[in-house]
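**Q** Quick one: the structure is below, and I'll ask about it shortly.
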Amino acid sequence: AIVWLARDLAGQRGARVLVAVGAVAVLGLSVMAHARVAQWQDSITLYEASLANAPGSPRIHYNLALAYSEAGEHRQAIPHYRTTVTQDPGHAKAWNNLGRTLNIMNLDEQSEAAFQEALRHKVPYPLARINYAGLLDRIGRRDEAIEQRLIALRDDPDNAANHNALGSLMAMSDRLDEAMVHFRRAVQLEQGNSVYRANLQRAAGMVQQRGGS
């Protein structure tokens, strides 16, 4: 999907200040990221040890899969998600996370099947619909992605991120008036979000330009 971003302009002096502040921020983020990786590795070690004592536990397989996913080790997560849903077919969250992981790995058909299982086992499940919409958009099925996001919005009407994403999809489909409705709602829900506000302003400009042409 298109990411509508407003570019900030600054003078050279301001740019130097931003670079200095940014370097400190990056260093802080690096330390935090290292701590998170260590935490995830501890979780993986813990759940692997637990699994050795209870290899048939879907809960442990699921927790281990989550730990692998959080560590970015998606290929290792997949078999544990699969074991979870094999042993507990109604585990909608596991189906959803399996779908997300397969999507990351570009295993499109398997990802779609997993999302459909998640939606079959839990109604409503707006998060799974949003994730499914992300897959559909990525593989070029935009109209279906819009439909899934609209359904998710009926179940979770105050999801600002979904309103914004839906606005972007509709704008790309030349449905600017509808896009404006969703961008405006996203801004209402999160007034401090500069990205949502920039999207609304850009869409408004496109509508105005279209009206004047």
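Going by the structure tokens order, chains are called A, B, ..., each with residues numbered from 1, while ligands are numbered from 1 in the order shown.
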At most 7 Å is the cut-off: for each residue in stretch 125-189 of chain A with any atom that close to an atom of stretch 198-211 of chain A, write down the nearest atom pair and the distance in Å rounded to one decimal, counting only C-alpha atoms, chain first then increasing number, as CSV.

**A**
residue,atom,partner,partner_atom,distance
A:Leu176,CA,A:Val207,CA,6.7
A:Met180,CA,A:Ala203,CA,6.4
A:Phe183,CA,A:Leu200,CA,5.2
A:Arg184,CA,A:Leu200,CA,6.2

**Q** Can you write out the residues you just picked, keeping N, CA and C atoms, as a CSV table (one decimal), in the first residue's frame?

**A**
chain,number,residue,atom,x,y,z
A,176,LEU,N,-11.5,8.7,-4.0
A,176,LEU,CA,-11.0,9.8,-3.1
A,176,LEU,C,-12.0,10.2,-2.1
A,180,MET,N,-11.3,10.1,1.9
A,180,MET,CA,-11.3,11.3,2.7
A,180,MET,C,-12.0,11.0,4.0
A,183,PHE,N,-9.6,8.9,6.2
A,183,PHE,CA,-8.5,9.7,6.7
A,183,PHE,C,-8.9,10.6,7.7
A,184,ARG,N,-10.1,11.2,7.5
A,184,ARG,CA,-10.7,12.2,8.5
A,184,ARG,C,-10.9,11.5,9.8

**Q** Got a sec: who's within 9 Å of stretch 122-125 of chain A, counting only C-alpha atoms, leaving out chain neighbours fewer than 2 positions off, as a PyMOL selection string?

**A** chain A and resi 90-93+117-120+127-130+152+155

**Q** Any chance you can output those residues with C-alpha atoms as a PDB file, in the first residue's frame?

**A**
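Result file result.pdb:
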ATOM      1  CA  GLY A  90      -9.627 -24.131  17.104  1.00  0.00           C
ATOM      2  CA  HIS A  91      -6.677 -21.979  18.204  1.00  0.00           C
ATOM      3  CA  ALA A  92      -7.581 -18.887  16.166  1.00  0.00           C
ATOM      4  CA  LYS A  93      -4.641 -16.789  17.395  1.00  0.00           C
ATOM      5  CA  GLU A 117      -8.954 -20.813   9.297  1.00  0.00           C
ATOM      6  CA  ALA A 118      -8.440 -18.064  11.891  1.00  0.00           C
ATOM      7  CA  LEU A 119     -11.590 -16.309  10.686  1.00  0.00           C
ATOM      8  CA  ARG A 120     -13.527 -19.572  10.662  1.00  0.00           C
ATOM      9  CA  LEU A 127      -7.137  -8.324  13.684  1.00  0.00           C
ATOM     10  CA  ALA A 128      -7.020 -11.442  11.508  1.00  0.00           C
ATOM     11  CA  ARG A 129      -9.077  -9.652   8.836  1.00  0.00           C
ATOM     12  CA  ILE A 130      -6.642  -6.743   8.872  1.00  0.00           C
ATOM     13  CA  ALA A 152     -12.894  -5.419  10.294  1.00  0.00           C
ATOM     14  CA  ASP A 155     -16.248  -5.019  14.306  1.00  0.00           C
TER      15      ASP A 155
END

**Q** Neighbours of A:Leu135 within 7 Å (only C-alpha atoms; same-chain residues fewer than 4 positions away dropped), as number ranges by chain?

**A** A: 103, 131, 139

**Q** As a list in words, please: the residues near A:Pro58 (cut-off 9 Å, only C-alpha atoms, same-chain neighbours under 6 positions excluded).

**A**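 Everything that qualifies: His80, Tyr81, Thr83, Thr84, Val85, Thr86, Gln87 and Asp88 of chain A.
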
**Q** Could you take the residues named above and write them with C-alpha atoms, as a PDB file, in the first residue's frame?

**A**
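Full text of out-v1.pdb as output:
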ATOM      1  CA  HIS A  80       5.601 -24.768  16.046  1.00  0.00           C
ATOM      2  CA  TYR A  81       2.560 -22.793  14.891  1.00  0.00           C
ATOM      3  CA  THR A  83       1.997 -28.185  15.606  1.00  0.00           C
ATOM      4  CA  THR A  84      -0.196 -25.918  17.723  1.00  0.00           C
ATOM      5  CA  VAL A  85      -3.048 -25.859  15.223  1.00  0.00           C
ATOM      6  CA  THR A  86      -2.700 -29.575  14.529  1.00  0.00           C
ATOM      7  CA  GLN A  87      -3.137 -30.357  18.207  1.00  0.00           C
ATOM      8  CA  ASP A  88      -5.626 -27.529  18.841  1.00  0.00           C
TER       9      ASP A  88
END

**Q** Can you tell me how far atom CA of A:Ala160 sits from atom CA of A:Ala186, in Å to one decimal?

**A**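 If I compute the distance from atom CA of A:Ala160 to atom CA of A:Ala186, I get 4.4 Å.
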
**Q** Between A:Ile78, A:Ala179, A:Ile60, A:Leu46, which one has atoms that come closest to A:Gly167, using only C-alpha atoms?

**A**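 Checking each candidate against A:Gly167, we get A:Ala179 as the closest.
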
**Q** Could you pull the residues within 7 Å of A:Phe115, counting only C-alpha atoms, minus those fewer than 5 positions along the same chain, as a list in words?

**A**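 Contacts, in chain order: Trp95, Asn96, Gly99, Ala128 and Tyr132 of chain A.
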
**Q** Produce a file of the selected residues containing C-alpha atoms, as an mmCIF file, in the first residue's frame.

**A**
data_model
loop_
_atom_site.group_PDB
_atom_site.id
_atom_site.type_symbol
_atom_site.label_atom_id
_atom_site.label_comp_id
_atom_site.auth_asym_id
_atom_site.auth_seq_id
_atom_site.Cartn_x
_atom_site.Cartn_y
_atom_site.Cartn_z
ATOM 1 C CA TRP A 95 -3.832 -19.606 12.853
ATOM 2 C CA ASN A 96 -3.603 -15.816 12.600
ATOM 3 C CA GLY A 99 -0.800 -16.593 8.492
ATOM 4 C CA ALA A 128 -7.020 -11.442 11.508
ATOM 5 C CA TYR A 132 -5.504 -10.984 5.746
#

**Q** Can you tell me how far atom CA of A:His121 sits from atom CA of A:His182, in Å to one decimal?

**A**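 For atom CA of A:His121 relative to atom CA of A:His182, the distance reads 28.8 Å.
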
**Q** Neighbours of A:Tyr68 within 9 Å (only C-alpha atoms; same-chain residues fewer than 4 positions away dropped), as number ranges by chain?

**A** A: 40-41, 43-44, 63-64, 72-78

**Q** State, in Å with one decimal place, the distance from atom CA of A:Asn53 to atom CA of A:Leu66.

**A** 18.9 Å

**Q** Quick one: DSSP alpha helix (DSSP H) residues in stretch 42-202 of chain A, as a short mmCIF file (atom, residue, chain, number, x, y, z; two decimals) with C-alpha atoms, in the first residue's frame?

**A**
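Output file out_27.cif follows:
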data_model
loop_
_atom_site.label_atom_id
_atom_site.label_comp_id
_atom_site.auth_asym_id
_atom_site.auth_seq_id
_atom_site.Cartn_x
_atom_site.Cartn_y
_atom_site.Cartn_z
CA ASP A 42 16.03 -16.40 26.98
CA SER A 43 12.38 -17.12 26.15
CA ILE A 44 13.36 -19.46 23.32
CA THR A 45 15.75 -21.34 25.60
CA LEU A 46 13.09 -21.58 28.32
CA TYR A 47 10.36 -22.88 26.01
CA GLU A 48 12.68 -25.33 24.25
CA ALA A 49 13.56 -26.79 27.66
CA SER A 50 9.88 -26.93 28.61
CA LEU A 51 9.06 -28.63 25.31
CA ALA A 52 11.59 -31.35 26.02
CA ASN A 53 9.57 -32.24 29.13
CA PRO A 58 0.20 -27.00 22.20
CA ARG A 59 0.58 -24.11 24.65
CA ILE A 60 4.36 -24.52 24.81
CA HIS A 61 4.62 -24.94 21.03
CA TYR A 62 2.62 -21.72 20.61
CA ASN A 63 4.73 -19.77 23.11
CA LEU A 64 7.91 -21.01 21.45
CA ALA A 65 6.55 -19.99 18.04
CA LEU A 66 5.78 -16.51 19.38
CA ALA A 67 9.28 -16.21 20.83
CA TYR A 68 10.81 -17.20 17.49
CA SER A 69 8.57 -14.71 15.68
CA GLU A 70 9.49 -11.88 18.05
CA HIS A 74 10.18 -16.80 11.21
CA ARG A 75 11.23 -20.04 9.53
CA GLN A 76 11.78 -21.64 12.95
CA ALA A 77 8.40 -20.38 14.18
CA ILE A 78 6.33 -21.98 11.42
CA PRO A 79 6.56 -25.67 12.47
CA HIS A 80 5.60 -24.77 16.05
CA TYR A 81 2.56 -22.79 14.89
CA ARG A 82 1.65 -25.77 12.71
CA THR A 83 2.00 -28.18 15.61
CA THR A 84 -0.20 -25.92 17.72
CA VAL A 85 -3.05 -25.86 15.22
CA THR A 86 -2.70 -29.58 14.53
CA GLN A 87 -3.14 -30.36 18.21
CA ALA A 92 -7.58 -18.89 16.17
CA LYS A 93 -4.64 -16.79 17.39
CA ALA A 94 -2.20 -19.48 16.30
CA TRP A 95 -3.83 -19.61 12.85
CA ASN A 96 -3.60 -15.82 12.60
CA ASN A 97 0.05 -15.72 13.63
CA LEU A 98 0.82 -18.60 11.28
CA GLY A 99 -0.80 -16.59 8.49
CA ARG A 100 1.27 -13.51 9.36
CA THR A 101 4.48 -15.52 9.45
CA LEU A 102 3.75 -17.27 6.15
CA ASN A 103 2.97 -13.89 4.62
CA ILE A 104 6.36 -12.59 5.73
CA ASP A 108 0.93 -16.70 -0.19
CA GLU A 109 -1.44 -19.64 -0.64
CA GLN A 110 -0.55 -21.14 2.72
CA SER A 111 -0.87 -17.73 4.38
CA GLU A 112 -4.34 -17.19 2.93
CA ALA A 113 -5.46 -20.63 4.06
CA ALA A 114 -4.23 -19.91 7.60
CA PHE A 115 -6.06 -16.58 7.77
CA GLN A 116 -9.25 -18.21 6.55
CA GLU A 117 -8.95 -20.81 9.30
CA ALA A 118 -8.44 -18.06 11.89
CA LEU A 119 -11.59 -16.31 10.69
CA ARG A 120 -13.53 -19.57 10.66
CA HIS A 121 -12.67 -20.35 14.27
CA PRO A 126 -10.88 -7.94 13.16
CA LEU A 127 -7.14 -8.32 13.68
CA ALA A 128 -7.02 -11.44 11.51
CA ARG A 129 -9.08 -9.65 8.84
CA ILE A 130 -6.64 -6.74 8.87
CA ASN A 131 -3.70 -9.11 8.51
CA TYR A 132 -5.50 -10.98 5.75
CA ALA A 133 -6.13 -7.66 4.00
CA GLY A 134 -2.40 -6.94 4.14
CA LEU A 135 -1.71 -10.20 2.30
CA LEU A 136 -4.43 -9.54 -0.28
CA ASP A 137 -3.10 -6.05 -0.97
CA ARG A 138 0.47 -7.32 -1.33
CA ARG A 142 -6.88 -4.70 -3.65
CA ASP A 143 -10.67 -4.86 -3.91
CA GLU A 144 -10.71 -7.91 -1.66
CA ALA A 145 -8.32 -6.17 0.75
CA ILE A 146 -10.71 -3.23 0.96
CA GLU A 147 -13.62 -5.59 1.63
CA GLN A 148 -11.75 -7.31 4.48
CA ARG A 149 -10.79 -3.99 6.06
CA LEU A 150 -14.38 -2.75 5.86
CA ILE A 151 -15.59 -5.88 7.64
CA ALA A 152 -12.89 -5.42 10.29
CA LEU A 153 -14.01 -1.83 10.72
CA ARG A 154 -17.58 -2.89 11.45
CA ASP A 155 -16.25 -5.02 14.31
CA ALA A 160 -7.38 4.54 13.54
CA ALA A 161 -4.65 2.56 11.77
CA ASN A 162 -7.25 0.57 9.85
CA HIS A 163 -9.09 3.75 8.85
CA ASN A 164 -5.81 5.19 7.58
CA ALA A 165 -4.86 2.02 5.67
CA LEU A 166 -8.36 1.80 4.20
CA GLY A 167 -8.10 5.43 3.11
CA SER A 168 -4.82 4.66 1.34
CA LEU A 169 -6.30 1.66 -0.48
CA MET A 170 -9.32 3.66 -1.58
CA ALA A 171 -7.15 6.57 -2.72
CA MET A 172 -5.11 4.16 -4.85
CA LEU A 176 -10.98 9.75 -3.10
CA ASP A 177 -14.25 10.82 -1.53
CA GLU A 178 -14.43 7.57 0.43
CA ALA A 179 -10.73 7.81 1.25
CA MET A 180 -11.30 11.26 2.74
CA VAL A 181 -13.92 9.86 5.12
CA HIS A 182 -11.47 7.32 6.51
CA PHE A 183 -8.48 9.68 6.66
CA ARG A 184 -10.65 12.21 8.50
CA ARG A 185 -11.81 9.58 10.99
CA ALA A 186 -8.22 8.42 11.58
CA VAL A 187 -7.25 12.00 12.42
CA GLN A 188 -10.23 12.37 14.74
CA LEU A 189 -9.22 9.24 16.61
CA SER A 194 1.23 13.56 11.80
CA VAL A 195 1.11 10.80 9.18
CA TYR A 196 -2.68 10.54 9.33
CA ARG A 197 -2.98 14.31 9.13
CA ALA A 198 -0.62 14.48 6.15
CA ASN A 199 -2.64 11.79 4.37
CA LEU A 200 -5.84 13.74 4.92
CA GLN A 201 -4.27 16.95 3.62
CA ARG A 202 -2.87 15.22 0.56
#
